[in-house]
Amino acid sequence: MTATIAAPERPVAEPKTPWSPTRSSRIQTFTTLLIAGIVAGVLVLFTGVAGLDGFGVTFFVLSLALAVIRTARLGSKERTDMLMKVVVTSAAVLAFTPWLSIFGSVIFKGYVGIRPNFFTQDMGTTVPDDYLEFGGAIHAIVGSLLMVLIATVVTLPLGILSGVYLTEVRGRLSFLVRFVVQSMSGVPSIVAGLFIYTTLVFATDTFSGLAGALALAVLMLPTVARTSEEVLKLVPEDLRSAGYALGARQWRTAFMVVIPTVRSGLTTAAILGIARVVGETAPLLLTSLSNTVVRVNPVDGPMASLPTYIFGYLQIGTENAVLRAWTGSLVLLFIVLVLFTLARRFGGKDKR
Amino acid sequence: MSTSGPATTAMSAVVGAEANTFTGLETCGAHAWFGKHHALSDVSLKFPSRTVTGLIGPSGCGKSTFIRLLNRMHEFIPGAAMAGEVLHNGSDIYAPSVDAAVVRLKIGMVFQKPNPFPAMTIRENVLSGIKLAHLKKPNHDDIVEGCLTRAGLWKEVKDRLGASGGSLSGGQQQRLCIARSLAVEPEVLLMDEPCSALDPGSTLRIEETIKELAEKITVIIVTHNMQQASRVSDFCAFFLTDGGPGYLVEADATRKIFTNPSDSRTADYVQGKFG
Amino acid sequence: MTTATTPTPREMTVIYNREDKIFRGIVTGGALTSLVVLGLIGLFLFLRGAQVFNDKGISFITGVNWTAGTGDGAILDDFSIGAMLVGTIVVSLIALVFAFPLAIGGALYLEFYAPTRVKKPLVTLLDLAASIPSLIFGLWGIEIFTRFGERWAILLSKWLGWIPIFNVQFENFGRSPFIAGCVLASLIVPITTSVAREVYSRTPRDLVDTCYALGGTKWGAIRSVVVPYGKSGVIGGAMLGLGRALGETVAVYLLLNLVFRYNFRILESEGGNVASLIATKFGEATEYEIKALVAAGFVLFLLTLVVNMTATTIVQRSTPRA
């Protein structure tokens with residue numbers, strides 16, 4: 001009864017994946033792509049087909065043709081499968097290419113103007129087409145930071161309250177609030193600018209950084225509200241129950257249990273909101289306009305920002321002015337990238 | 001002891017007390033609904049002070065619903081309704097003038113899954129009830145040590161009170177949750193399958209804790225595990241459902257339920273013939 | 001059996017004390033700010049633009065001209081946005097026509113074809129692309145993409161010029177609705193792809209497995225299960241993209257010649273949209289022209305609101321939250 005059954009000697013099992021593509025099929029795929037690539041390259045070099053886009057189109061057509069040849073021995077079902085694989089992959093490549101091209105060109109064109117003076121000087125005494133050794137965008141950077149800061153201060157509490165309403169209070173208007181927030185995220189940015197123009201700018205008769213910040217806040221609110229809701233929804237119901245079971249009031253449970261649990265998630269909400277508006281141009285064209293010197297008082301007339309800086313110098317159109325626009329774009333893109341990374345970092349932090 | 005009388009009589013007979021002088025928790029004809037769904041029907045039970053009562057029965061028989069009825073956690077479920085009375089020391093906790101938060105302060109609860117507050121340290125977790133209910137109590141250090149000791153966790157965590165509650169093992173987390181409930185000095189502690197998510201070792205530690213707790217407070221524990229009920233409880237209440245609402249089959253001293261129950265269904269259940 | 005007579009249920013509502021009532025009041029107020037702001041936007045734009053609506057009536061929307069008067073009465077003010085509305089719709093539709101298949105392809109690729117090693121960085125790139133400011137899309141469009149776009153436009157007019165929309169009167173292919181539409185397409189692909197991917201990833205796994213178990217190929221499973229299952233969600237996602245394209249300002253401003261004429265020839269170097277009209281004319285507008293611009297903004301606001309609300313409804317309905 002108590003004797004153990006001795007296991008027979010067996011070789012140690014090695015993990016295998018017999019379903020993954022075999023070596024020969026991989027080589028076949030690679031050869032197919034190589035042939036398509038070479039032929040497309042030759043066509044581009046020696047015939048009327050031109051440029052990267054020409055190469056892409058030829059490559060795509062050749063891949064399709066080769067896929068048909070490869071599946072010649074198989075049924076029509078397999079052929080369709082193979083063809084669609086080529087089509088779907090090509091669509092994905094085509095969808096992703098512009099973004100890579102944007103990153104590439106912004107870095108390539110923008111780095112020329114990355115000099116210390118770009119971050120230390122303003123354009124108060126520099127003409128737009130002056131050499132890049134002179135002048136900079138510190139006024140625009142300061143302006144952008146200031147406006148985004150004000151917008152965040154206004155929006156963050158409101159956005160979090162909106163999230164708390166949907167997840168804690170769960171009032172009768174939840175459906176409406178959710179719907180309005182979602183619809184509001186689709187309001188065109190220029191309309192937000194017009195709104196602040198017809199109210200604040202109209203009433204005070206001045207364009208200002210504050211007006212710009214409030215226009216940005218209108219655009220930022222839906223993002224912060226929606227992200228806050230998503231984050232607060234992740235708090236397990238158990239924790240609220242535990243709070244109530246300890247005899248806590250609802251507001252104490254909300255502020256002492258629920259919100260601290262997702263502190264970094266709410267930081268993400270703020271960061272995503274900032275990333276959403278830091279590059280907004282249109283509303284600022286109607287509210288904060290632009291200027292050429294550093295200004296820190298948000299109610300003291302027009303205030304430059306990175307987007308209006310880029311927009312303005314691109315409009316001027318001379319060589320160095322456009323280069324300044326590219327450099328501004330590089331800085332702006334870098335800021336967006338940093339915000340994006342921060343959001344990811346914080347987003348994964350809340351456990352449970 | 002009567003063989004066919006209602007469950008309440010059996011229990012009061014054991015305690016030998018009159019209803020109006022009864023101290024502890026009792027229910028009179030308690031029903032529970034979720035929307036139209038009648039989940040629990042006509043349960044009358046008494047839980048005398050400083051005893052452990054086990055609520056047993058197959059899944060879906062309404063024991064968890066019943067225990068959540070006892071400290072007004074039931075009402076958080078949208079569409080929930082109830083009938084009957086739940087009396088704590090003779091007064092109805094569902095009376096309109098009663099503040100549910102105050103009820104829950106006196107009747108604490110430990111949940112199935114350990115749920116320490118992740119944003120707080122071990123120390124803060126123990127004191128969380130005091131902060132949350134805004135109680136003014138001096139000597140926080142003593143409270144932390146006292147509660148953790150009673151929950152059987154002090155020795156393991158006394159050197160790392162500043163660590164996060166989430167850094168503990170599952171069993172330790174559950175004992176932390178017990179310590180957290182004790183800090184507000186409840187008179188009754190409800191436990192909803194507190195060991196179902198734990199390993200056997202941790203389960204044993206919690207059972208010891210429960211027995212020690214019963215020296216000072218009333219414990220009511222829902223369990224799927226019959227052995228556990230027989231090990232820790234003084235009284236047992238057996239719930240059942242025939243597809244409709246859950247109801248109470250019988251309640252009596254644990255020993256009697258397990259050796260010589262009045263109802264044949266109870267006998268079948270404790271012998272493992274169904275459920 | 002213990003059930004005798006069932007009593008009537010006692011009403012159970014969570015009763016909040018004063019502290020909690022104040023808390024709930026404040027939170028509700030905070031949550032309603034979005035509603036109030038949205039209402040105020042509509043109200044103020046309407047009020048400030050009311051005079052123009054009153055003066056022009058329906059011809060504000062159908063008329064073509066945008067002429068500022070000289071003030072001495074020699075030329076009268078004549079503001080209407082018909083041409084710009086048509087331009088808005090033409091450019092957005094071009095964007096959608098290009099973006100939709102690409103987004104579907106991208107989403108299917110990410111969900112079903114991409115090797116795990118490639119998938120993660122691509123998803124990151126997708127999320128990142130969604131946060132590139134539209135200004136940078138515009139800059140890229142005018143400085144980099146136009147070269148390619150013009151070449152495609154020439155080919156299109158050469159081979160397909162007999163189709164009216166590809167017909168051109170002047171051999172000038174830059175700053176056309178076609179090129180602006182292409183750039184807008186790359187601008188709205190991220191949001192549409194994200195929604196499509198989300199919807200496709202919710203396809204019940206067992207349905208897909210059933211297809212494989214019946215001997216179907218990957219494409220067979222996609223065509224017969226995944227695509228039909230995600231149809232309405234994907235359409236909603238496309239409409240969100242459309243909403244974004246309708247309201248885009250700077251990218252269109254930089255990429256399109258503002259010409260006040262109904263133009264359906266998409267390769268021609270003329271067009272415009274309502275948003276870029278506002279940005280263009282705002283700087284040196286007279287007081288009355290500003291009112292007309294605000295009125296135009298109101299129309300744009302309504303248009304995008306309708307599109308977005310429809311899209312939201314479709315997406316919410318097709319992706320039930322657990």
# chains A, B, ... in the order shown; residues from 1 in each chain; ligands from 1
$ residues_around --residues "Asp242 of chain B" --least-positions-apart "3" --cutoff "10 Å" --atoms "only C-alpha atoms" --output "list in words"
Cys61, Pro245, Gly246 and Tyr247 of chain B; Met1 of chain C
$ closest_atom_pairs --of "segment 58-168 of chain A" --to "segment 289-308 of chain A" --cutoff "8 Å" --atoms "only C-alpha atoms" --output "Markdown table"
| residue | atom | partner | partner_atom | distance |
| --- | --- | --- | --- | --- |
| A:Asp122 | CA | A:Val293 | CA | 5.5 |
| A:Met123 | CA | A:Thr292 | CA | 4.9 |
| A:Gly124 | CA | A:Thr292 | CA | 4.9 |
| A:Ala137 | CA | A:Leu306 | CA | 7.6 |
| A:Ile138 | CA | A:Val294 | CA | 6.9 |
| A:His139 | CA | A:Val294 | CA | 4.1 |
| A:Ala140 | CA | A:Ser305 | CA | 4.0 |
| A:Ile141 | CA | A:Leu306 | CA | 5.8 |
| A:Val142 | CA | A:Val294 | CA | 7.0 |
| A:Gly143 | CA | A:Ser305 | CA | 4.9 |
| A:Ser144 | CA | A:Ser305 | CA | 4.5 |
| A:Leu146 | CA | A:Val296 | CA | 7.5 |
| A:Met147 | CA | A:Pro298 | CA | 7.8 |
$ write_last_selection --atoms "C-alpha atoms" --output "compact mmCIF listing (two decimals), in the first residue's frame"
# COMPACT_ATOMS: atom_id res chain seq x y z
CA ASP A 122 14.01 85.18 -27.00
CA MET A 123 13.31 86.90 -30.31
CA GLY A 124 12.98 90.39 -28.87
CA ALA A 137 12.45 80.32 -28.20
CA ILE A 138 12.74 80.70 -24.45
CA HIS A 139 9.75 83.06 -24.49
CA ALA A 140 7.67 80.45 -26.30
CA ILE A 141 8.79 77.64 -23.99
CA VAL A 142 8.05 79.71 -20.89
CA GLY A 143 4.69 80.76 -22.33
CA SER A 144 3.72 77.18 -23.16
CA LEU A 146 2.82 78.73 -18.01
CA MET A 147 -0.37 78.25 -20.00
$ select_by_dssp --residues "segment 132-316 of chain C" --states "helix (DSSP H, G or I)" --output "ChimeraX atom specification"
/C:134-160,164-166,177-201,205-213,218-247,250-255,274-282,287-316
$ write_last_selection --atoms "C-alpha atoms" --output "compact mmCIF listing (two decimals), in the first residue's frame"
# COMPACT_ATOMS: atom_id res chain seq x y z
CA SER C 134 -1.61 68.37 -35.70
CA LEU C 135 0.66 71.37 -36.27
CA ILE C 136 3.56 68.98 -36.79
CA PHE C 137 1.48 66.94 -39.21
CA GLY C 138 0.86 70.17 -41.10
CA LEU C 139 4.53 71.12 -41.08
CA TRP C 140 5.49 67.65 -42.29
CA GLY C 141 2.77 67.79 -44.91
CA ILE C 142 3.85 71.07 -46.42
CA GLU C 143 7.60 70.50 -46.21
CA ILE C 144 7.95 66.77 -46.85
CA PHE C 145 4.79 65.07 -48.06
CA THR C 146 3.72 67.58 -50.74
CA ARG C 147 6.50 66.35 -53.03
CA PHE C 148 5.10 62.81 -53.00
CA GLY C 149 1.51 63.94 -53.06
CA GLU C 150 2.02 66.11 -56.13
CA ARG C 151 3.53 63.18 -58.01
CA TRP C 152 0.57 60.95 -57.17
CA ALA C 153 -1.79 63.76 -58.14
CA ILE C 154 -0.12 64.10 -61.54
CA LEU C 155 -0.44 60.37 -62.13
CA LEU C 156 -4.08 60.40 -61.08
CA SER C 157 -4.97 63.31 -63.37
CA LYS C 158 -3.05 61.69 -66.22
CA TRP C 159 -4.76 58.31 -66.03
CA LEU C 160 -8.05 59.06 -64.37
CA PRO C 164 -14.78 64.61 -63.00
CA ILE C 165 -13.29 64.68 -59.51
CA PHE C 166 -9.78 63.98 -60.87
CA PRO C 177 -7.78 68.93 -51.18
CA PHE C 178 -6.16 65.66 -52.25
CA ILE C 179 -2.87 66.44 -50.53
CA ALA C 180 -4.53 67.93 -47.46
CA GLY C 181 -6.77 64.86 -47.31
CA CYS C 182 -3.77 62.53 -47.39
CA VAL C 183 -2.14 64.35 -44.48
CA LEU C 184 -5.41 64.41 -42.55
CA ALA C 185 -5.65 60.68 -43.20
CA SER C 186 -2.35 60.04 -41.46
CA LEU C 187 -3.62 62.33 -38.69
CA ILE C 188 -6.78 60.31 -38.05
CA VAL C 189 -5.35 56.83 -38.66
CA PRO C 190 -4.07 56.54 -35.05
CA ILE C 191 -7.43 57.14 -33.38
CA THR C 192 -9.33 54.95 -35.83
CA THR C 193 -6.74 52.17 -35.56
CA SER C 194 -6.85 52.29 -31.76
CA VAL C 195 -10.62 51.94 -31.66
CA ALA C 196 -10.59 49.19 -34.30
CA ARG C 197 -7.88 47.27 -32.46
CA GLU C 198 -9.79 47.56 -29.21
CA VAL C 199 -12.96 46.28 -30.86
CA TYR C 200 -11.20 43.42 -32.65
CA SER C 201 -9.45 42.32 -29.50
CA ARG C 205 -11.83 33.82 -28.55
CA ASP C 206 -14.00 30.72 -28.85
CA LEU C 207 -15.68 32.01 -32.02
CA VAL C 208 -12.27 32.41 -33.66
CA ASP C 209 -11.18 29.02 -32.38
CA THR C 210 -14.31 27.46 -33.84
CA CYS C 211 -13.31 28.78 -37.26
CA TYR C 212 -9.88 27.22 -36.96
CA ALA C 213 -11.38 23.98 -35.67
CA LYS C 218 -6.63 32.91 -40.57
CA TRP C 219 -8.21 35.14 -43.18
CA GLY C 220 -11.29 32.90 -43.17
CA ALA C 221 -11.67 33.48 -39.42
CA ILE C 222 -11.13 37.20 -39.79
CA ARG C 223 -13.61 37.55 -42.60
CA SER C 224 -16.35 35.41 -41.16
CA VAL C 225 -16.06 36.25 -37.46
CA VAL C 226 -13.78 39.13 -36.53
CA VAL C 227 -14.85 41.71 -39.10
CA PRO C 228 -18.63 41.18 -38.75
CA TYR C 229 -18.32 41.13 -34.96
CA GLY C 230 -16.46 44.43 -34.87
CA LYS C 231 -18.35 46.17 -37.64
CA SER C 232 -20.31 48.77 -35.74
CA GLY C 233 -17.47 49.52 -33.33
CA VAL C 234 -15.10 50.11 -36.22
CA ILE C 235 -17.60 52.38 -37.93
CA GLY C 236 -17.87 54.35 -34.69
CA GLY C 237 -14.08 54.63 -34.58
CA ALA C 238 -14.02 55.88 -38.16
CA MET C 239 -16.61 58.49 -37.24
CA LEU C 240 -14.47 59.67 -34.35
CA GLY C 241 -11.69 60.09 -36.89
CA LEU C 242 -14.09 61.92 -39.20
CA GLY C 243 -15.05 64.27 -36.36
CA ARG C 244 -11.41 65.08 -35.82
CA ALA C 245 -10.86 65.70 -39.54
CA LEU C 246 -13.92 67.99 -39.75
CA GLY C 247 -12.58 70.26 -37.04
CA VAL C 250 -3.80 74.29 -38.69
CA ALA C 251 -2.97 71.28 -40.84
CA VAL C 252 -5.62 72.34 -43.37
CA TYR C 253 -4.62 75.99 -43.06
CA LEU C 254 -1.04 75.11 -44.02
CA LEU C 255 -1.92 72.65 -46.77
CA VAL C 274 -14.54 76.19 -41.91
CA ALA C 275 -11.91 75.89 -39.19
CA SER C 276 -9.10 77.22 -41.34
CA LEU C 277 -11.39 79.99 -42.59
CA ILE C 278 -11.74 81.17 -39.00
CA ALA C 279 -7.98 81.02 -38.42
CA THR C 280 -7.23 82.81 -41.68
CA LYS C 281 -9.71 85.67 -41.51
CA PHE C 282 -9.58 86.23 -37.77
CA GLU C 287 -16.29 93.71 -36.09
CA TYR C 288 -19.10 92.34 -38.23
CA GLU C 289 -16.81 89.83 -39.91
CA ILE C 290 -15.82 88.51 -36.49
CA LYS C 291 -19.49 87.88 -35.81
CA ALA C 292 -19.69 85.98 -39.08
CA LEU C 293 -16.65 83.93 -38.08
CA VAL C 294 -18.24 83.13 -34.72
CA ALA C 295 -21.41 82.10 -36.55
CA ALA C 296 -19.27 79.84 -38.75
CA GLY C 297 -17.74 78.40 -35.59
CA PHE C 298 -21.22 77.68 -34.27
CA VAL C 299 -22.11 75.73 -37.41
CA LEU C 300 -18.85 73.78 -37.15
CA PHE C 301 -19.55 73.12 -33.47
CA LEU C 302 -22.97 71.68 -34.26
CA LEU C 303 -21.63 69.61 -37.14
CA THR C 304 -18.83 68.00 -35.12
CA LEU C 305 -21.09 67.56 -32.10
CA VAL C 306 -23.59 65.56 -34.13
CA VAL C 307 -20.85 63.42 -35.68
CA ASN C 308 -19.19 62.81 -32.33
CA MET C 309 -22.36 62.03 -30.46
CA THR C 310 -23.33 59.53 -33.13
CA ALA C 311 -19.87 57.98 -33.01
CA THR C 312 -19.91 57.83 -29.21
CA THR C 313 -23.28 56.17 -29.19
CA ILE C 314 -22.17 53.59 -31.74
CA VAL C 315 -18.90 52.82 -29.96
CA GLN C 316 -20.52 52.61 -26.54
$ interface_residues --of "chain A" --to "chain B" --cutoff "7 Å" --atoms "only C-alpha atoms" --output "PyMOL selection string"
chain A and resi 238-239+245-249+252-253+257+260-261
$ closest_atom_pairs --of "chain B" --to "chain C" --cutoff "8 Å" --atoms "only C-alpha atoms" --output "JSON lines"
{"residue": "B:His31", "atom": "CA", "partner": "C:Pro9", "partner_atom": "CA", "distance": 7.7}
{"residue": "B:Ala32", "atom": "CA", "partner": "C:Pro9", "partner_atom": "CA", "distance": 7.8}
{"residue": "B:Trp33", "atom": "CA", "partner": "C:Pro9", "partner_atom": "CA", "distance": 7.7}
{"residue": "B:Ser41", "atom": "CA", "partner": "C:Thr3", "partner_atom": "CA", "distance": 6.6}
{"residue": "B:Asp42", "atom": "CA", "partner": "C:Thr3", "partner_atom": "CA", "distance": 6.6}
{"residue": "B:Glu75", "atom": "CA", "partner": "C:Met12", "partner_atom": "CA", "distance": 6.3}
{"residue": "B:Phe76", "atom": "CA", "partner": "C:Val14", "partner_atom": "CA", "distance": 7.1}
{"residue": "B:Ala80", "atom": "CA", "partner": "C:Met12", "partner_atom": "CA", "distance": 6.7}
{"residue": "B:Ala81", "atom": "CA", "partner": "C:Met12", "partner_atom": "CA", "distance": 5.3}
{"residue": "B:Met82", "atom": "CA", "partner": "C:Pro9", "partner_atom": "CA", "distance": 5.2}
{"residue": "B:Ala83", "atom": "CA", "partner": "C:Pro9", "partner_atom": "CA", "distance": 4.9}
{"residue": "B:Gly84", "atom": "CA", "partner": "C:Arg10", "partner_atom": "CA", "distance": 7.9}
{"residue": "B:Asp99", "atom": "CA", "partner": "C:Ile15", "partner_atom": "CA", "distance": 7.9}
{"residue": "B:Ala100", "atom": "CA", "partner": "C:Ile15", "partner_atom": "CA", "distance": 7.8}
{"residue": "B:Tyr247", "atom": "CA", "partner": "C:Thr2", "partner_atom": "CA", "distance": 6.9}
{"residue": "B:Leu248", "atom": "CA", "partner": "C:Thr2", "partner_atom": "CA", "distance": 7.4}
{"residue": "B:Val249", "atom": "CA", "partner": "C:Thr2", "partner_atom": "CA", "distance": 7.6}
$ write_last_selection --atoms "C-alpha atoms" --output "PDB file, in the first residue's frame"
ATOM      1  CA  HIS B  31     -35.675  38.578   4.332  1.00  0.00           C
ATOM      2  CA  ALA B  32     -33.420  39.890   1.563  1.00  0.00           C
ATOM      3  CA  TRP B  33     -34.039  40.769  -2.068  1.00  0.00           C
ATOM      4  CA  SER B  41     -36.400  34.166   3.451  1.00  0.00           C
ATOM      5  CA  ASP B  42     -37.474  34.509   7.066  1.00  0.00           C
ATOM      6  CA  GLU B  75     -27.742  48.142   0.964  1.00  0.00           C
ATOM      7  CA  PHE B  76     -24.746  49.024  -1.224  1.00  0.00           C
ATOM      8  CA  ALA B  80     -31.303  45.599  -2.612  1.00  0.00           C
ATOM      9  CA  ALA B  81     -34.212  45.355  -0.184  1.00  0.00           C
ATOM     10  CA  MET B  82     -34.883  43.607   3.116  1.00  0.00           C
ATOM     11  CA  ALA B  83     -37.644  42.858   5.567  1.00  0.00           C
ATOM     12  CA  GLY B  84     -37.774  41.918   9.206  1.00  0.00           C
ATOM     13  CA  ASP B  99     -26.729  55.955  11.113  1.00  0.00           C
ATOM     14  CA  ALA B 100     -25.377  53.034   9.105  1.00  0.00           C
ATOM     15  CA  TYR B 247     -33.733  29.748   4.345  1.00  0.00           C
ATOM     16  CA  LEU B 248     -32.535  28.581   7.703  1.00  0.00           C
ATOM     17  CA  VAL B 249     -32.917  24.864   8.269  1.00  0.00           C
TER      18      VAL B 249
END
$ residues_around --residues "Pro58 of chain B" --least-positions-apart "5" --cutoff "8 Å" --atoms "only C-alpha atoms" --output "list of chain:residue names"
B:His224, B:Phe239, B:Leu240, B:Gly275
$ atom_distance --atom1 "atom CA of Ser288 of chain A" --atom2 "atom CA of Gly272 of chain C"
24.1 Å
$ decode --residues "segment 196-241 of chain C" --atoms "C-alpha atoms" --output "mmCIF file, in the first residue's frame"
data_model
loop_
_atom_site.group_PDB
_atom_site.id
_atom_site.type_symbol
_atom_site.label_atom_id
_atom_site.label_comp_id
_atom_site.auth_asym_id
_atom_site.auth_seq_id
_atom_site.Cartn_x
_atom_site.Cartn_y
_atom_site.Cartn_z
ATOM 1 C CA ALA C 196 -10.588 49.186 -34.298
ATOM 2 C CA ARG C 197 -7.881 47.271 -32.461
ATOM 3 C CA GLU C 198 -9.791 47.561 -29.207
ATOM 4 C CA VAL C 199 -12.957 46.281 -30.861
ATOM 5 C CA TYR C 200 -11.204 43.420 -32.654
ATOM 6 C CA SER C 201 -9.455 42.324 -29.496
ATOM 7 C CA ARG C 202 -12.855 41.810 -27.904
ATOM 8 C CA THR C 203 -13.870 39.200 -30.465
ATOM 9 C CA PRO C 204 -14.796 36.160 -28.396
ATOM 10 C CA ARG C 205 -11.828 33.818 -28.553
ATOM 11 C CA ASP C 206 -14.004 30.718 -28.851
ATOM 12 C CA LEU C 207 -15.677 32.005 -32.021
ATOM 13 C CA VAL C 208 -12.272 32.414 -33.664
ATOM 14 C CA ASP C 209 -11.178 29.021 -32.384
ATOM 15 C CA THR C 210 -14.307 27.459 -33.844
ATOM 16 C CA CYS C 211 -13.315 28.779 -37.261
ATOM 17 C CA TYR C 212 -9.878 27.222 -36.960
ATOM 18 C CA ALA C 213 -11.375 23.981 -35.668
ATOM 19 C CA LEU C 214 -13.563 23.859 -38.772
ATOM 20 C CA GLY C 215 -10.452 23.987 -40.904
ATOM 21 C CA GLY C 216 -10.601 27.685 -41.704
ATOM 22 C CA THR C 217 -7.572 29.789 -42.507
ATOM 23 C CA LYS C 218 -6.635 32.908 -40.568
ATOM 24 C CA TRP C 219 -8.215 35.135 -43.183
ATOM 25 C CA GLY C 220 -11.285 32.900 -43.165
ATOM 26 C CA ALA C 221 -11.665 33.475 -39.419
ATOM 27 C CA ILE C 222 -11.129 37.205 -39.787
ATOM 28 C CA ARG C 223 -13.614 37.554 -42.598
ATOM 29 C CA SER C 224 -16.350 35.410 -41.161
ATOM 30 C CA VAL C 225 -16.059 36.251 -37.455
ATOM 31 C CA VAL C 226 -13.784 39.131 -36.529
ATOM 32 C CA VAL C 227 -14.855 41.711 -39.097
ATOM 33 C CA PRO C 228 -18.632 41.178 -38.746
ATOM 34 C CA TYR C 229 -18.317 41.132 -34.964
ATOM 35 C CA GLY C 230 -16.457 44.428 -34.871
ATOM 36 C CA LYS C 231 -18.350 46.167 -37.638
ATOM 37 C CA SER C 232 -20.313 48.766 -35.736
ATOM 38 C CA GLY C 233 -17.465 49.517 -33.333
ATOM 39 C CA VAL C 234 -15.100 50.109 -36.216
ATOM 40 C CA ILE C 235 -17.604 52.382 -37.927
ATOM 41 C CA GLY C 236 -17.867 54.349 -34.695
ATOM 42 C CA GLY C 237 -14.083 54.625 -34.580
ATOM 43 C CA ALA C 238 -14.025 55.877 -38.155
ATOM 44 C CA MET C 239 -16.614 58.493 -37.244
ATOM 45 C CA LEU C 240 -14.471 59.672 -34.346
ATOM 46 C CA GLY C 241 -11.694 60.093 -36.891
#
